[in-house]
Amino acid sequence: MRVIVVGSGHNALVAACYLARDGHAVEVLERDTVIGGAVSTVERFPGHQVDRGSSAHIMVRHTGIIEELELEQFGLRYIDCDPWGFAPAPPGGGHEPPLIFHRDVDRTCASIAAACGERDAEAYRRFVRVWGPRSARVMRSFAGAPTGGRLLRAFWGLDARDAAGATGRGDGGALSREFLQTGDALLDSLFDSERLKAALAWFGAQSGPPMSEPGTAPMVGFAALMHTLPPGRAVGGSGALTRALADRLRADGGLLRTGDAVTALARDGSGWSVRTAGGHELRADTVVAGAHILTTLDLLEQGGFDAARLADWRRRIRVGPGIGMVVRAATSDLPRYPGADTAESATGLQLLTTDRRHLRRAHGAALAGDLPPRPVVLAMSFSALDPSIAPAGEHQLSLWAQWHPYALADGSDWSAHADREADRIIAEVEAHAPGFADTVLRRHVQTPADLERELGLRGGNVMHVEMSLDQMFAWRPLPELAAHRVPGAPGLYLTGASTHPGGGVSGASGRTVAHLVHRTTRRRFHRPRP
């Protein structure tokens, strides 16, 4: 069977690899000259291999995909981020110690006790004990299509006794309430220190929504799983994952074509006609669309699909106001945070906030189409782990800032704000690590508009569509599209961040689609004889 995969994002490549391994004839078509979409790395500055999108890989290391596809044989290697999280003391806060999140729970609790007190340290220990297994079940629920049966099996048998409150009622109702509560409510129920709450809320917010939204408690809870396997840094940059996938695909006979965008998807008898900007018209039995869901709907419209139905889906899919922007910086040194050495601060996620009001003000401004009063910054300096991405004597940082809206309320263009916002983001790091601004040698700014233009991320949303409760699991991106299929378009499958389980580097959507395609075609071509 011939399969054409639209796009070379990591989910699309994961699907392509599984299908090629299973013996299908697979060809991947990519509009860009660089493969990998938001999981890619290029030379932005001389000697610097700079990520275009993601930098830390968290979920994919918990899926088993790397092992199943034997990607280490194709050059993929990860370095553990340990410590995986670092939260500095408040600027001007005297001699308060930082918060350091080690893989080891005891060392983490010792840091929390020194910074926040023994009660919060013991509460954190209980948090890891309770939410570690819960987060592992969430990851299990990501391993296939979000059907009711699969979700039930993923969570069946989870101990509900830890959900018991003062009444001692530890049943399924109490447990489901804890999963559906806000991240802020979970934090307030466990901890006293606002510094600790802010650091964990900022970690949880990397999924997109603010921790004030229902259903965000598991996003905070995922921090507990970092003590089982922390975030990983792919040696050579984030794009090392997609390069390994591409090499695996070719080893199994798959093809990969770059620089030729797909322009239309049209039904052709029992199969599909795939048209490209280069004038090619290719025939496939099956198409796997790894592009943004809105881009895929556009391709279907160009192929003559029901325009009214497409318009209805577009209206109901919520991309949101945009999430944030990035500054990629070449520096002469790592950030130097008071009270910490770089072995503690530079290896993981530098969570530069000490009060959740900082997060709330930024998110509220974004909803109104305004720039944040103060940027909220996540700093990552992975040249400290992997010196190969920067020349000798230099370092490289990615500074991710939430929330910056895609469409500005005053109607101005992002080009008028890019440099000033980059200055403010760097100044935010400077406030926590005095002297940092003077170390910046070169920088590359990616505004929400740039993320859309370069990476095809509609509205600048790195998660494709909002990761709110009503657009997750069996509702992502819409209930009728949540089975990774398009009604009325047999043989077309959907993968990528627009589908379950959503954004982030996991590959789970790609594997799910590959299994769906394989099962469907096996039934079609290998029906038992009567």
# chains A, B, ... in the order shown; residues from 1 in each chain; ligands from 1

$ residues_around --residues "Gly348 (chain A)" --least-positions-apart "5" --cutoff "8 Å" --atoms "only C-alpha atoms" --output "ChimeraX atom specification"
/A:81-86,231,380-382

$ residues_around --residues "region 284-292 of chain A" --least-positions-apart "5" --cutoff "7 Å" --atoms "only C-alpha atoms" --output "count of residues only"
21

$ closest_residue --among "A:Val327, A:Val50, A:Val34, A:Leu478" --to "Ala422 (chain A)" --atoms "only C-alpha atoms"
A:Val327

$ residues_around --residues "Arg233 (chain A)" --least-positions-apart "5" --cutoff "10 Å" --atoms "only C-alpha atoms" --output "PyMOL selection string"
chain A and resi 55-58+77-81+238+240+347-348+382-383+385-386

$ closest_residue --among "A:Trp202, A:Asp355, A:Arg314, A:Ala330" --to "Ala401 (chain A)" --atoms "only C-alpha atoms"
A:Trp202

$ closest_residue --among "A:Pro338, A:Gly117, A:Pro218, A:Gly304" --to "Leu175 (chain A)" --atoms "only C-alpha atoms"
A:Pro218

$ residues_around --residues "region 131-138 of chain A" --least-positions-apart "6" --cutoff "6 Å" --atoms "only C-alpha atoms" --output "ChimeraX atom specification"
/A:154-155,221-222,224-225

$ select_by_dssp --residues "region 361-422 of chain A" --states "strand (DSSP E or B)" --output "JSON, numbers by chain"
{"A": [376, 377, 378, 379, 380, 395, 396, 397, 398, 399, 400, 401, 402]}

$ write_last_selection --atoms "N, CA, C and O atoms" --output "tab-separated table (two decimals), in the first residue's frame"
chain	number	residue	atom	x	y	z
A	376	VAL	N	7.12	36.75	31.29
A	376	VAL	CA	7.43	35.59	32.12
A	376	VAL	C	8.37	34.71	31.30
A	376	VAL	O	8.03	34.32	30.19
A	377	VAL	N	9.54	34.39	31.85
A	377	VAL	CA	10.60	33.78	31.04
A	377	VAL	C	10.98	32.41	31.57
A	377	VAL	O	11.12	32.20	32.78
A	378	LEU	N	11.15	31.49	30.64
A	378	LEU	CA	11.77	30.19	30.89
A	378	LEU	C	13.10	30.21	30.15
A	378	LEU	O	13.13	30.34	28.92
A	379	ALA	N	14.20	30.12	30.89
A	379	ALA	CA	15.53	30.13	30.27
A	379	ALA	C	16.08	28.71	30.20
A	379	ALA	O	15.91	27.93	31.13
A	380	MET	N	16.72	28.40	29.08
A	380	MET	CA	17.36	27.09	28.90
A	380	MET	C	18.74	27.32	28.30
A	380	MET	O	18.86	28.00	27.27
A	395	HIS	N	28.37	30.27	24.81
A	395	HIS	CA	27.22	29.48	25.23
A	395	HIS	C	26.01	29.90	24.41
A	395	HIS	O	26.06	30.86	23.63
A	396	GLN	N	24.94	29.16	24.59
A	396	GLN	CA	23.71	29.43	23.83
A	396	GLN	C	22.51	29.28	24.75
A	396	GLN	O	22.43	28.32	25.52
A	397	LEU	N	21.61	30.25	24.68
A	397	LEU	CA	20.41	30.20	25.50
A	397	LEU	C	19.17	30.33	24.64
A	397	LEU	O	19.17	31.06	23.63
A	398	SER	N	18.12	29.63	25.05
A	398	SER	CA	16.77	29.85	24.51
A	398	SER	C	15.94	30.45	25.63
A	398	SER	O	15.85	29.89	26.72
A	399	LEU	N	15.34	31.60	25.36
A	399	LEU	CA	14.53	32.31	26.34
A	399	LEU	C	13.09	32.34	25.83
A	399	LEU	O	12.74	33.09	24.91
A	400	TRP	N	12.28	31.46	26.40
A	400	TRP	CA	10.87	31.35	26.01
A	400	TRP	C	10.06	32.24	26.94
A	400	TRP	O	10.21	32.19	28.15
A	401	ALA	N	9.19	33.07	26.36
A	401	ALA	CA	8.40	34.02	27.15
A	401	ALA	C	6.92	33.87	26.85
A	401	ALA	O	6.50	33.91	25.70
A	402	GLN	N	6.12	33.70	27.90
A	402	GLN	CA	4.66	33.63	27.84
A	402	GLN	C	4.13	34.83	28.63
A	402	GLN	O	4.74	35.18	29.65

$ select_by_dssp --residues "region 246-365 of chain A" --states "alpha helix (DSSP H)" --output "PyMOL selection string"
chain A and resi 246-251+293-302+307-316+342-345+356-365

$ write_last_selection --atoms "N, CA and C atoms" --output "CSV table (one decimal), in the first residue's frame"
chain,number,residue,atom,x,y,z
A,246,ALA,N,14.3,10.4,10.3
A,246,ALA,CA,14.5,10.4,8.8
A,246,ALA,C,15.4,9.3,8.4
A,247,ASP,N,16.5,9.1,9.1
A,247,ASP,CA,17.4,8.1,8.8
A,247,ASP,C,16.8,6.7,8.9
A,248,ARG,N,16.0,6.5,10.0
A,248,ARG,CA,15.3,5.3,10.2
A,248,ARG,C,14.3,5.0,9.0
A,249,LEU,N,13.6,6.1,8.6
A,249,LEU,CA,12.6,6.0,7.5
A,249,LEU,C,13.3,5.5,6.2
A,250,ARG,N,14.4,6.1,5.9
A,250,ARG,CA,15.2,5.8,4.7
A,250,ARG,C,15.7,4.4,4.8
A,251,ALA,N,16.1,4.0,5.9
A,251,ALA,CA,16.7,2.6,6.1
A,251,ALA,C,15.6,1.5,5.8
A,293,ILE,N,-4.1,21.4,11.7
A,293,ILE,CA,-5.4,21.0,11.3
A,293,ILE,C,-6.0,22.0,10.4
A,294,LEU,N,-5.8,23.3,10.6
A,294,LEU,CA,-6.4,24.3,9.7
A,294,LEU,C,-5.8,24.3,8.3
A,295,THR,N,-4.5,24.0,8.3
A,295,THR,CA,-3.8,23.8,7.0
A,295,THR,C,-4.3,22.6,6.3
A,296,THR,N,-4.6,21.5,7.0
A,296,THR,CA,-5.1,20.3,6.4
A,296,THR,C,-6.5,20.6,5.8
A,297,LEU,N,-7.3,21.3,6.6
A,297,LEU,CA,-8.7,21.7,6.0
A,297,LEU,C,-8.6,22.6,4.8
A,298,ASP,N,-7.6,23.4,4.7
A,298,ASP,CA,-7.4,24.2,3.5
A,298,ASP,C,-7.0,23.3,2.3
A,299,LEU,N,-6.2,22.3,2.6
A,299,LEU,CA,-5.8,21.4,1.5
A,299,LEU,C,-7.0,20.6,1.0
A,300,LEU,N,-7.9,20.3,1.9
A,300,LEU,CA,-9.1,19.5,1.5
A,300,LEU,C,-10.0,20.5,0.7
A,301,GLU,N,-10.1,21.7,1.1
A,301,GLU,CA,-10.9,22.6,0.3
A,301,GLU,C,-10.4,22.8,-1.1
A,302,GLN,N,-9.1,22.9,-1.3
A,302,GLN,CA,-8.5,23.0,-2.6
A,302,GLN,C,-8.8,21.7,-3.4
A,307,ALA,N,-17.3,22.5,1.3
A,307,ALA,CA,-16.8,23.8,1.8
A,307,ALA,C,-17.6,24.2,3.1
A,308,ALA,N,-18.9,23.9,3.1
A,308,ALA,CA,-19.7,24.2,4.3
A,308,ALA,C,-19.3,23.5,5.5
A,309,ARG,N,-19.0,22.2,5.3
A,309,ARG,CA,-18.5,21.4,6.5
A,309,ARG,C,-17.2,21.9,7.0
A,310,LEU,N,-16.3,22.2,6.0
A,310,LEU,CA,-15.0,22.8,6.4
A,310,LEU,C,-15.1,24.1,7.2
A,311,ALA,N,-16.0,25.0,6.7
A,311,ALA,CA,-16.2,26.3,7.3
A,311,ALA,C,-16.7,26.1,8.8
A,312,ASP,N,-17.6,25.1,9.0
A,312,ASP,CA,-18.1,24.8,10.3
A,312,ASP,C,-17.0,24.4,11.2
A,313,TRP,N,-16.1,23.5,10.8
A,313,TRP,CA,-15.0,23.0,11.6
A,313,TRP,C,-14.1,24.2,11.9
A,314,ARG,N,-13.8,25.0,10.9
A,314,ARG,CA,-12.8,26.1,11.2
A,314,ARG,C,-13.4,27.0,12.3
A,315,ARG,N,-14.7,27.3,12.2
A,315,ARG,CA,-15.3,28.2,13.2
A,315,ARG,C,-15.2,27.7,14.6
A,316,ARG,N,-15.2,26.4,14.8
A,316,ARG,CA,-15.3,25.8,16.1
A,316,ARG,C,-13.9,25.4,16.7
A,342,THR,N,26.6,27.1,38.4
A,342,THR,CA,26.0,26.8,37.1
A,342,THR,C,25.7,25.3,37.0
A,343,ALA,N,26.4,24.4,37.8
A,343,ALA,CA,26.1,23.0,37.8
A,343,ALA,C,24.7,22.8,38.3
A,344,GLU,N,24.2,23.7,39.2
A,344,GLU,CA,22.8,23.6,39.7
A,344,GLU,C,21.8,24.3,38.8
A,345,SER,N,22.2,25.4,38.2
A,345,SER,CA,21.2,26.2,37.5
A,345,SER,C,21.1,26.0,36.0
A,356,ARG,N,2.7,33.9,41.4
A,356,ARG,CA,1.8,33.6,40.3
A,356,ARG,C,1.1,34.8,39.8
A,357,ARG,N,1.1,35.9,40.5
A,357,ARG,CA,0.5,37.1,40.0
A,357,ARG,C,1.2,37.6,38.7
A,358,HIS,N,2.5,37.3,38.6
A,358,HIS,CA,3.3,37.5,37.5
A,358,HIS,C,2.7,36.8,36.2
A,359,LEU,N,2.4,35.5,36.4
A,359,LEU,CA,1.8,34.7,35.4
A,359,LEU,C,0.4,35.2,35.0
A,360,ARG,N,-0.4,35.5,36.0
A,360,ARG,CA,-1.8,35.9,35.8
A,360,ARG,C,-1.8,37.3,35.0
A,361,ARG,N,-1.0,38.2,35.4
A,361,ARG,CA,-1.0,39.5,34.7
A,361,ARG,C,-0.6,39.3,33.2
A,362,ALA,N,0.4,38.5,33.0
A,362,ALA,CA,0.8,38.3,31.6
A,362,ALA,C,-0.3,37.6,30.8
A,363,HIS,N,-0.9,36.6,31.3
A,363,HIS,CA,-2.0,35.9,30.6
A,363,HIS,C,-3.2,36.8,30.4
A,364,GLY,N,-3.6,37.6,31.4
A,364,GLY,CA,-4.7,38.5,31.2
A,364,GLY,C,-4.4,39.5,30.1
A,365,ALA,N,-3.2,40.0,30.1
A,365,ALA,CA,-2.8,41.0,29.0
A,365,ALA,C,-3.0,40.3,27.6

$ residues_around --residues "Thr63 (chain A)" --least-positions-apart "3" --cutoff "12 Å" --atoms "only C-alpha atoms" --output "list in words"
Val14, His57, Ile58, Met59, Val60, Ile66, Glu67, Glu68, Leu69, Ala136, Arg137, Val138, Met139, Arg140, Ser141, Phe142, Ala143, Gly144, Leu229, Pro501, Val505, Ser506, Gly507, Ala508, Ser509, Gly510, Arg511 and Thr512 of chain A

$ closest_residue --among "A:Pro90, A:Gly459, A:Pro490, A:Pro209" --to "Thr521 (chain A)" --atoms "only C-alpha atoms"
A:Pro490

$ closest_residue --among "A:Phe101, A:Leu441, A:Gly253, A:Asp171" --to "His227 (chain A)" --atoms "only C-alpha atoms"
A:Phe101

$ atom_distance --atom1 "CA of Asp419 (chain A)" --atom2 "CA of Gln206 (chain A)"
23.4 Å
